[in-house]
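Everything below belongs to model05.cif, which stores mmCIF, C-alpha atoms and all ligand atoms.
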data_work
loop_
_atom_site.label_atom_id
_atom_site.label_comp_id
_atom_site.auth_asym_id
_atom_site.auth_seq_id
_atom_site.Cartn_x
_atom_site.Cartn_y
_atom_site.Cartn_z
CA LEU K 1 -42.36 -50.72 32.77
CA PRO K 2 -41.47 -49.64 29.22
CA VAL K 3 -37.91 -50.31 28.11
CA ILE K 4 -36.32 -47.01 27.17
CA ARG K 5 -33.71 -47.35 24.45
CA ALA K 6 -31.12 -44.88 23.29
CA GLN K 7 -31.68 -43.55 19.79
CA SER K 8 -29.53 -45.66 17.52
CA SER K 9 -25.93 -44.68 16.84
CA PRO K 10 -24.94 -47.44 14.40
CA ASP K 11 -21.42 -46.20 13.72
CA TYR K 12 -18.96 -44.64 16.10
CA VAL K 13 -16.46 -42.16 14.79
CA PRO K 14 -13.60 -42.44 15.37
CA ASP K 15 -13.67 -46.21 15.26
CA SER K 16 -12.10 -47.95 18.23
CA LYS K 17 -11.95 -51.43 19.79
CA PHE K 18 -12.83 -49.98 23.20
CA TYR K 19 -14.96 -47.13 24.41
CA LYS K 20 -15.40 -45.42 27.72
CA VAL K 21 -19.04 -44.92 28.62
CA GLU K 22 -19.04 -41.96 30.99
CA ALA K 23 -22.35 -41.30 32.72
CA ILE K 24 -23.22 -38.38 34.96
CA LEU K 25 -25.92 -39.66 37.29
CA ARG K 26 -28.12 -38.74 40.21
CA PRO K 27 -26.29 -40.11 43.28
CA TRP K 28 -29.37 -41.97 44.55
CA ARG K 29 -29.66 -43.88 41.24
CA VAL K 30 -26.09 -45.20 41.22
CA SER K 31 -26.76 -48.47 43.03
CA GLN K 32 -29.61 -49.29 40.63
CA VAL K 33 -27.34 -48.61 37.68
CA SER K 34 -24.43 -50.65 39.02
CA SER K 35 -26.58 -53.67 39.87
CA ALA K 36 -28.20 -53.54 36.42
CA LEU K 37 -24.73 -53.52 34.84
CA LEU K 38 -23.53 -56.37 37.06
CA LYS K 39 -26.50 -58.47 35.89
CA ILE K 40 -25.28 -58.27 32.29
CA GLY K 41 -21.70 -59.12 33.29
CA ILE K 42 -20.17 -55.65 33.47
CA ARG K 43 -17.75 -55.87 36.37
CA GLY K 44 -15.28 -53.08 35.74
CA VAL K 45 -16.69 -49.76 36.84
CA THR K 46 -15.19 -46.61 38.36
CA VAL K 47 -17.26 -43.99 40.16
CA SER K 48 -16.39 -40.53 41.43
CA ASP K 49 -18.34 -37.95 43.36
CA VAL K 50 -18.57 -34.85 41.19
CA ARG K 51 -20.51 -31.61 41.12
CA GLY K 52 -22.08 -30.24 37.99
CA PHE K 53 -24.02 -27.48 36.38
CA GLY K 54 -26.49 -28.18 33.58
CA ALA K 55 -30.12 -27.45 32.73
CA GLN K 56 -30.98 -28.31 36.31
CA GLY K 57 -28.61 -25.68 37.71
CA GLY K 58 -30.58 -22.48 38.20
CA SER K 59 -33.92 -24.20 37.67
CA THR K 60 -36.50 -24.34 40.42
CA GLU K 61 -35.44 -26.41 43.39
CA ARG K 62 -37.34 -29.71 43.32
CA HIS K 63 -35.79 -31.62 46.17
CA GLY K 64 -36.42 -29.49 49.21
CA GLY K 65 -33.00 -27.86 49.26
CA SER K 66 -31.05 -31.01 49.87
CA GLU K 67 -29.67 -31.55 46.37
CA PHE K 68 -27.98 -28.18 45.93
CA THR K 69 -24.65 -27.30 47.45
CA GLU K 70 -23.79 -23.76 48.57
CA ASP K 71 -22.62 -22.58 45.15
CA ASN K 72 -25.54 -24.09 43.19
CA PHE K 73 -23.54 -26.93 41.69
CA VAL K 74 -25.51 -30.14 41.97
CA ALA K 75 -23.98 -33.25 43.54
CA LYS K 76 -23.67 -35.97 40.89
CA VAL K 77 -21.84 -39.24 40.48
CA LYS K 78 -19.65 -39.88 37.43
CA MET K 79 -19.56 -43.51 36.40
CA GLU K 80 -16.86 -44.61 33.95
CA ILE K 81 -17.08 -47.98 32.26
CA VAL K 82 -14.59 -49.13 29.63
CA VAL K 83 -16.10 -51.80 27.39
CA SER K 84 -15.54 -53.38 24.00
CA LYS K 85 -17.31 -51.80 21.02
CA ASP K 86 -20.03 -54.48 20.82
CA GLN K 87 -21.02 -53.78 24.45
CA VAL K 88 -21.51 -50.02 24.20
CA GLU K 89 -25.17 -49.94 23.16
CA ALA K 90 -26.28 -52.47 25.80
CA VAL K 91 -24.46 -50.54 28.52
CA VAL K 92 -25.97 -47.24 27.38
CA ASP K 93 -29.47 -48.79 27.30
CA LYS K 94 -29.04 -50.28 30.79
CA ILE K 95 -27.89 -46.97 32.23
CA ILE K 96 -30.89 -45.15 30.75
CA GLU K 97 -33.28 -47.84 32.00
CA ALA K 98 -31.90 -47.65 35.55
CA ALA K 99 -31.21 -43.91 35.80
CA LYS K 100 -34.13 -42.21 34.06
CA THR K 101 -36.78 -40.42 36.11
CA GLY K 102 -37.95 -38.14 33.29
CA GLU K 103 -37.23 -35.02 35.35
CA ILE K 104 -34.57 -32.43 34.57
CA GLY K 105 -31.28 -33.52 36.13
CA ASP K 106 -31.28 -37.19 35.08
CA GLY K 107 -27.81 -36.63 33.61
CA LYS K 108 -25.91 -37.37 30.45
CA ILE K 109 -23.84 -40.12 28.88
CA PHE K 110 -20.65 -39.52 26.89
CA VAL K 111 -19.10 -42.22 24.71
CA VAL K 112 -15.36 -41.77 24.29
CA PRO K 113 -12.98 -43.91 22.20
CA VAL K 114 -10.22 -45.57 24.21
CA SER K 115 -6.87 -46.21 22.48
CA ASP K 116 -5.60 -49.00 24.70
CA VAL K 117 -6.10 -50.79 28.01
CA ILE K 118 -3.16 -51.97 30.11
CA ARG K 119 -3.45 -54.24 33.14
CA ILE K 120 -0.82 -53.03 35.59
CA ARG K 121 -0.40 -56.36 37.38
CA THR K 122 0.52 -58.31 34.26
CA GLY K 123 1.44 -55.72 31.64
CA GLU K 124 -1.21 -57.18 29.30
CA ARG K 125 -2.61 -54.83 26.70
CA GLY K 126 -5.69 -54.56 24.49
CA GLU K 127 -8.35 -57.29 24.56
CA LYS K 128 -6.49 -59.34 27.18
CA ALA K 129 -6.37 -56.41 29.54
CA GLU K 130 -9.93 -55.25 28.90
CA LYS K 131 -11.58 -58.65 29.39
CA MET K 132 -12.79 -59.31 32.95
CA THR K 133 -12.66 -62.91 34.19
CA GLY K 134 -16.21 -64.15 34.75
CA GLY K 135 -17.61 -61.06 33.04
CA TRP K 136 -19.72 -60.48 29.94
CA SER K 137 -17.52 -62.22 27.39
CA ASP K 138 -16.96 -65.28 29.60
CA GLN K 139 -20.71 -65.53 30.28
CA SER K 140 -21.64 -65.25 26.60
CA SER K 141 -19.00 -67.76 25.47
CA ALA K 142 -20.26 -70.18 28.15
CA ALA K 143 -23.81 -69.73 26.81
CA ALA K 144 -22.74 -70.23 23.19
P1 LIG N 1 -6.26 -57.50 38.29
O1 LIG N 1 -6.55 -58.76 37.53
O2 LIG N 1 -4.84 -57.16 38.37
O3 LIG N 1 -7.00 -57.40 39.59
P2 LIG N 1 -8.32 -56.06 36.98
O4 LIG N 1 -8.36 -55.93 35.52
O5 LIG N 1 -9.28 -56.98 37.61
O6 LIG N 1 -6.82 -56.35 37.38
P3 LIG N 1 -8.67 -54.27 39.05
O7 LIG N 1 -7.30 -54.15 39.60
O8 LIG N 1 -9.67 -55.13 39.70
O9 LIG N 1 -8.52 -54.65 37.51
O10 LIG N 1 -9.30 -52.84 38.83
C1 LIG N 1 -8.90 -51.76 39.59
C2 LIG N 1 -9.88 -50.64 39.38
O11 LIG N 1 -9.87 -50.27 38.02
C3 LIG N 1 -11.30 -50.98 39.66
O12 LIG N 1 -11.62 -50.80 41.02
C4 LIG N 1 -12.04 -49.98 38.81
O13 LIG N 1 -12.10 -48.73 39.47
C5 LIG N 1 -11.12 -49.82 37.63
N1 LIG N 1 -11.54 -50.58 36.46
C6 LIG N 1 -11.14 -51.80 36.11
N2 LIG N 1 -11.67 -52.15 34.94
C7 LIG N 1 -12.45 -51.13 34.54
C8 LIG N 1 -13.26 -50.89 33.41
N3 LIG N 1 -13.39 -51.78 32.43
N4 LIG N 1 -13.91 -49.71 33.32
C9 LIG N 1 -13.77 -48.81 34.30
N5 LIG N 1 -13.05 -48.98 35.38
C10 LIG N 1 -12.37 -50.12 35.51
N1 LIG N 2 -15.48 -56.24 28.03
C1 LIG N 2 -15.28 -56.89 29.29
C2 LIG N 2 -15.65 -58.36 29.17
O1 LIG N 2 -16.36 -58.72 28.26
C3 LIG N 2 -16.13 -56.26 30.38
C4 LIG N 2 -15.73 -54.86 30.64
C5 LIG N 2 -16.31 -54.33 31.92
O2 LIG N 2 -16.77 -55.10 32.77
N2 LIG N 2 -16.26 -53.04 32.06
O3 LIG N 2 -15.21 -59.17 29.97
#
Have the structure of the file written as structure tokens, please.
Amino acid sequence: LPVIRAQSSPDYVPDSKFYKVEAILRPWRVSQVSSALLKIGIRGVTVSDVRGFGAQGGSTERHGGSEFTEDNFVAKVKMEIVVSKDQVEAVVDKIIEAAKTGEIGDGKIFVVPVSDVIRIRTGERGEKAEKMTGGWSDQSSAAA
């Protein structure tokens, strides 16, 4: 299977330590995406059931009527993943790899700068709050 990579975005503007990768996905691809992310050590993920309207809305029904709701919005899942800057491209590439069918309706990814992260339990901020124990950065420092 060819590895599909996002076109390169070498510099993010505005610059930030953390970014939220927000992906709108086909619901039946979500488990593939989350297990692919888990394999690279991404453990903090939030998902919501959403409904959307894009190029697929109004186009010919391809899924036998089951994918459209009454008002023609399509059921999607929004996945939000806050990561450090150096993890953004790998996360984006993994999502594309796991979510792409090549058909209209595969979804979109938005990359949003995040000003700060605060862990409620401890009051930690910034890198301390964003880092997940046993996650990506722990795995890569163990390998180094
Ligand atoms: P604690 O150590 O207090 O458990 P934690 O940092 O592990 O804090 P959780 O309390 O496990 O955070 O996270 C609560 C919820 O926050 C998760 O279920 C998930 O929805 C969301 N979440 C946590 N980290 C992220 C992240 N990096 N990106 C997106 N969502 C996250
Ligand atoms: N940046 C965090 C880490 O390296 C992982 C963030 C996440 O799992 N969403 O531990």
(Q) Could you list, as a count of residues only, every residue within 8 Å of K:Val83, counting all atoms listed in the file and ignoring same-chain residues fewer than 4 positions away? (A) 7
Would you give me, as a tab-separated table, each residue of chain K having an atom within 9 Å of an atom of ligand LIG 2 (chain N), along with its shortest atom pair and that distance in Å to one decimal, using all atoms listed in the file and sorting by chain and residue number?
residue	atom	partner	partner_atom	distance
K:Phe18	CA	N:LIG2	N1	8.3
K:Lys20	CA	N:LIG2	N2	8.8
K:Leu37	CA	N:LIG2	O2	8.4
K:Leu38	CA	N:LIG2	O2	8.1
K:Gly41	CA	N:LIG2	O2	6.4
K:Ile42	CA	N:LIG2	O2	3.5
K:Arg43	CA	N:LIG2	O2	3.8
K:Gly44	CA	N:LIG2	N2	3.8
K:Val45	CA	N:LIG2	N2	5.8
K:Glu80	CA	N:LIG2	N2	8.7
K:Ile81	CA	N:LIG2	N2	5.1
K:Val82	CA	N:LIG2	N2	4.9
K:Val83	CA	N:LIG2	C4	4.5
K:Ser84	CA	N:LIG2	N1	4.9
K:Lys85	CA	N:LIG2	N1	8.5
K:Asp86	CA	N:LIG2	N1	8.7
K:Gln87	CA	N:LIG2	N1	7.0
K:Glu127	CA	N:LIG2	N1	8.0
K:Ala129	CA	N:LIG2	C1	8.9
K:Glu130	CA	N:LIG2	C1	5.6
K:Lys131	CA	N:LIG2	O3	3.7
K:Met132	CA	N:LIG2	O3	3.8
K:Thr133	CA	N:LIG2	O3	6.2
K:Gly134	CA	N:LIG2	O3	7.0
K:Gly135	CA	N:LIG2	O3	4.3
K:Trp136	CA	N:LIG2	O1	4.1
K:Ser137	CA	N:LIG2	O1	3.8
K:Asp138	CA	N:LIG2	O3	6.4
K:Gln139	CA	N:LIG2	O1	8.3
K:Ser140	CA	N:LIG2	O1	8.6
Enclose ligand LIG 1 (chain N), meaning all of its atoms listed in the file, in a box aligned along x, y and z, pad it by 4 Å on each side, and list the centre and edge lengths in Å to one decimal, as lines of an AutoDock Vina configuration file.
center_x = -9.4
center_y = -53.7
center_z = 36.7
size_x = 17.1
size_y = 18.0
size_z = 16.6
Q) Taking only C-alpha atoms into account, which of K:Asn72, K:Val30, K:Gly52, K:Asp15 comes nearest K:Ala98? A)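 Smallest separation from K:Ala98 among the options: K:Val30.
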Q: Rounded to one decimal place, report the atom CA of K:Phe110-atom CA of K:Phe73 distance in Å.
A: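 Separation of atom CA of K:Phe110 and atom CA of K:Phe73: 19.6 Å.
In this structure, atom CA of K:Val33 sits 17.0 Å away from atom CA of K:Glu103.
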Q.
Could you check the closest approach to ligand LIG 1 (chain N) for each of K:Arg119, K:Arg125, K:Lys108, K:Arg29 and tell me which residue wins, using only C-alpha atoms and all ligand atoms?
A. K:Arg119
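Comparing K:Met79, K:Leu25, K:Ile40, K:Val50 by their smallest distance to K:Gly105, the closest is K:Leu25 (using only C-alpha atoms).
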Q. From the set K:Ser115, K:Thr101, K:Ser31, K:Thr122, which residue has the shortest atom-to-atom contact distance to ligand LIG 1 (chain N), counting all atoms listed in the file?
A. K:Thr122
Q: Using only C-alpha atoms and all ligand atoms, pick whichever of K:Ile120, K:Ala142, K:Ala90, K:Val77 has the shortest atom-to-atom distance to ligand LIG 1 (chain N).
A: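 Residue with the minimum atom-to-atom distance to ligand LIG 1 (chain N): K:Ile120.
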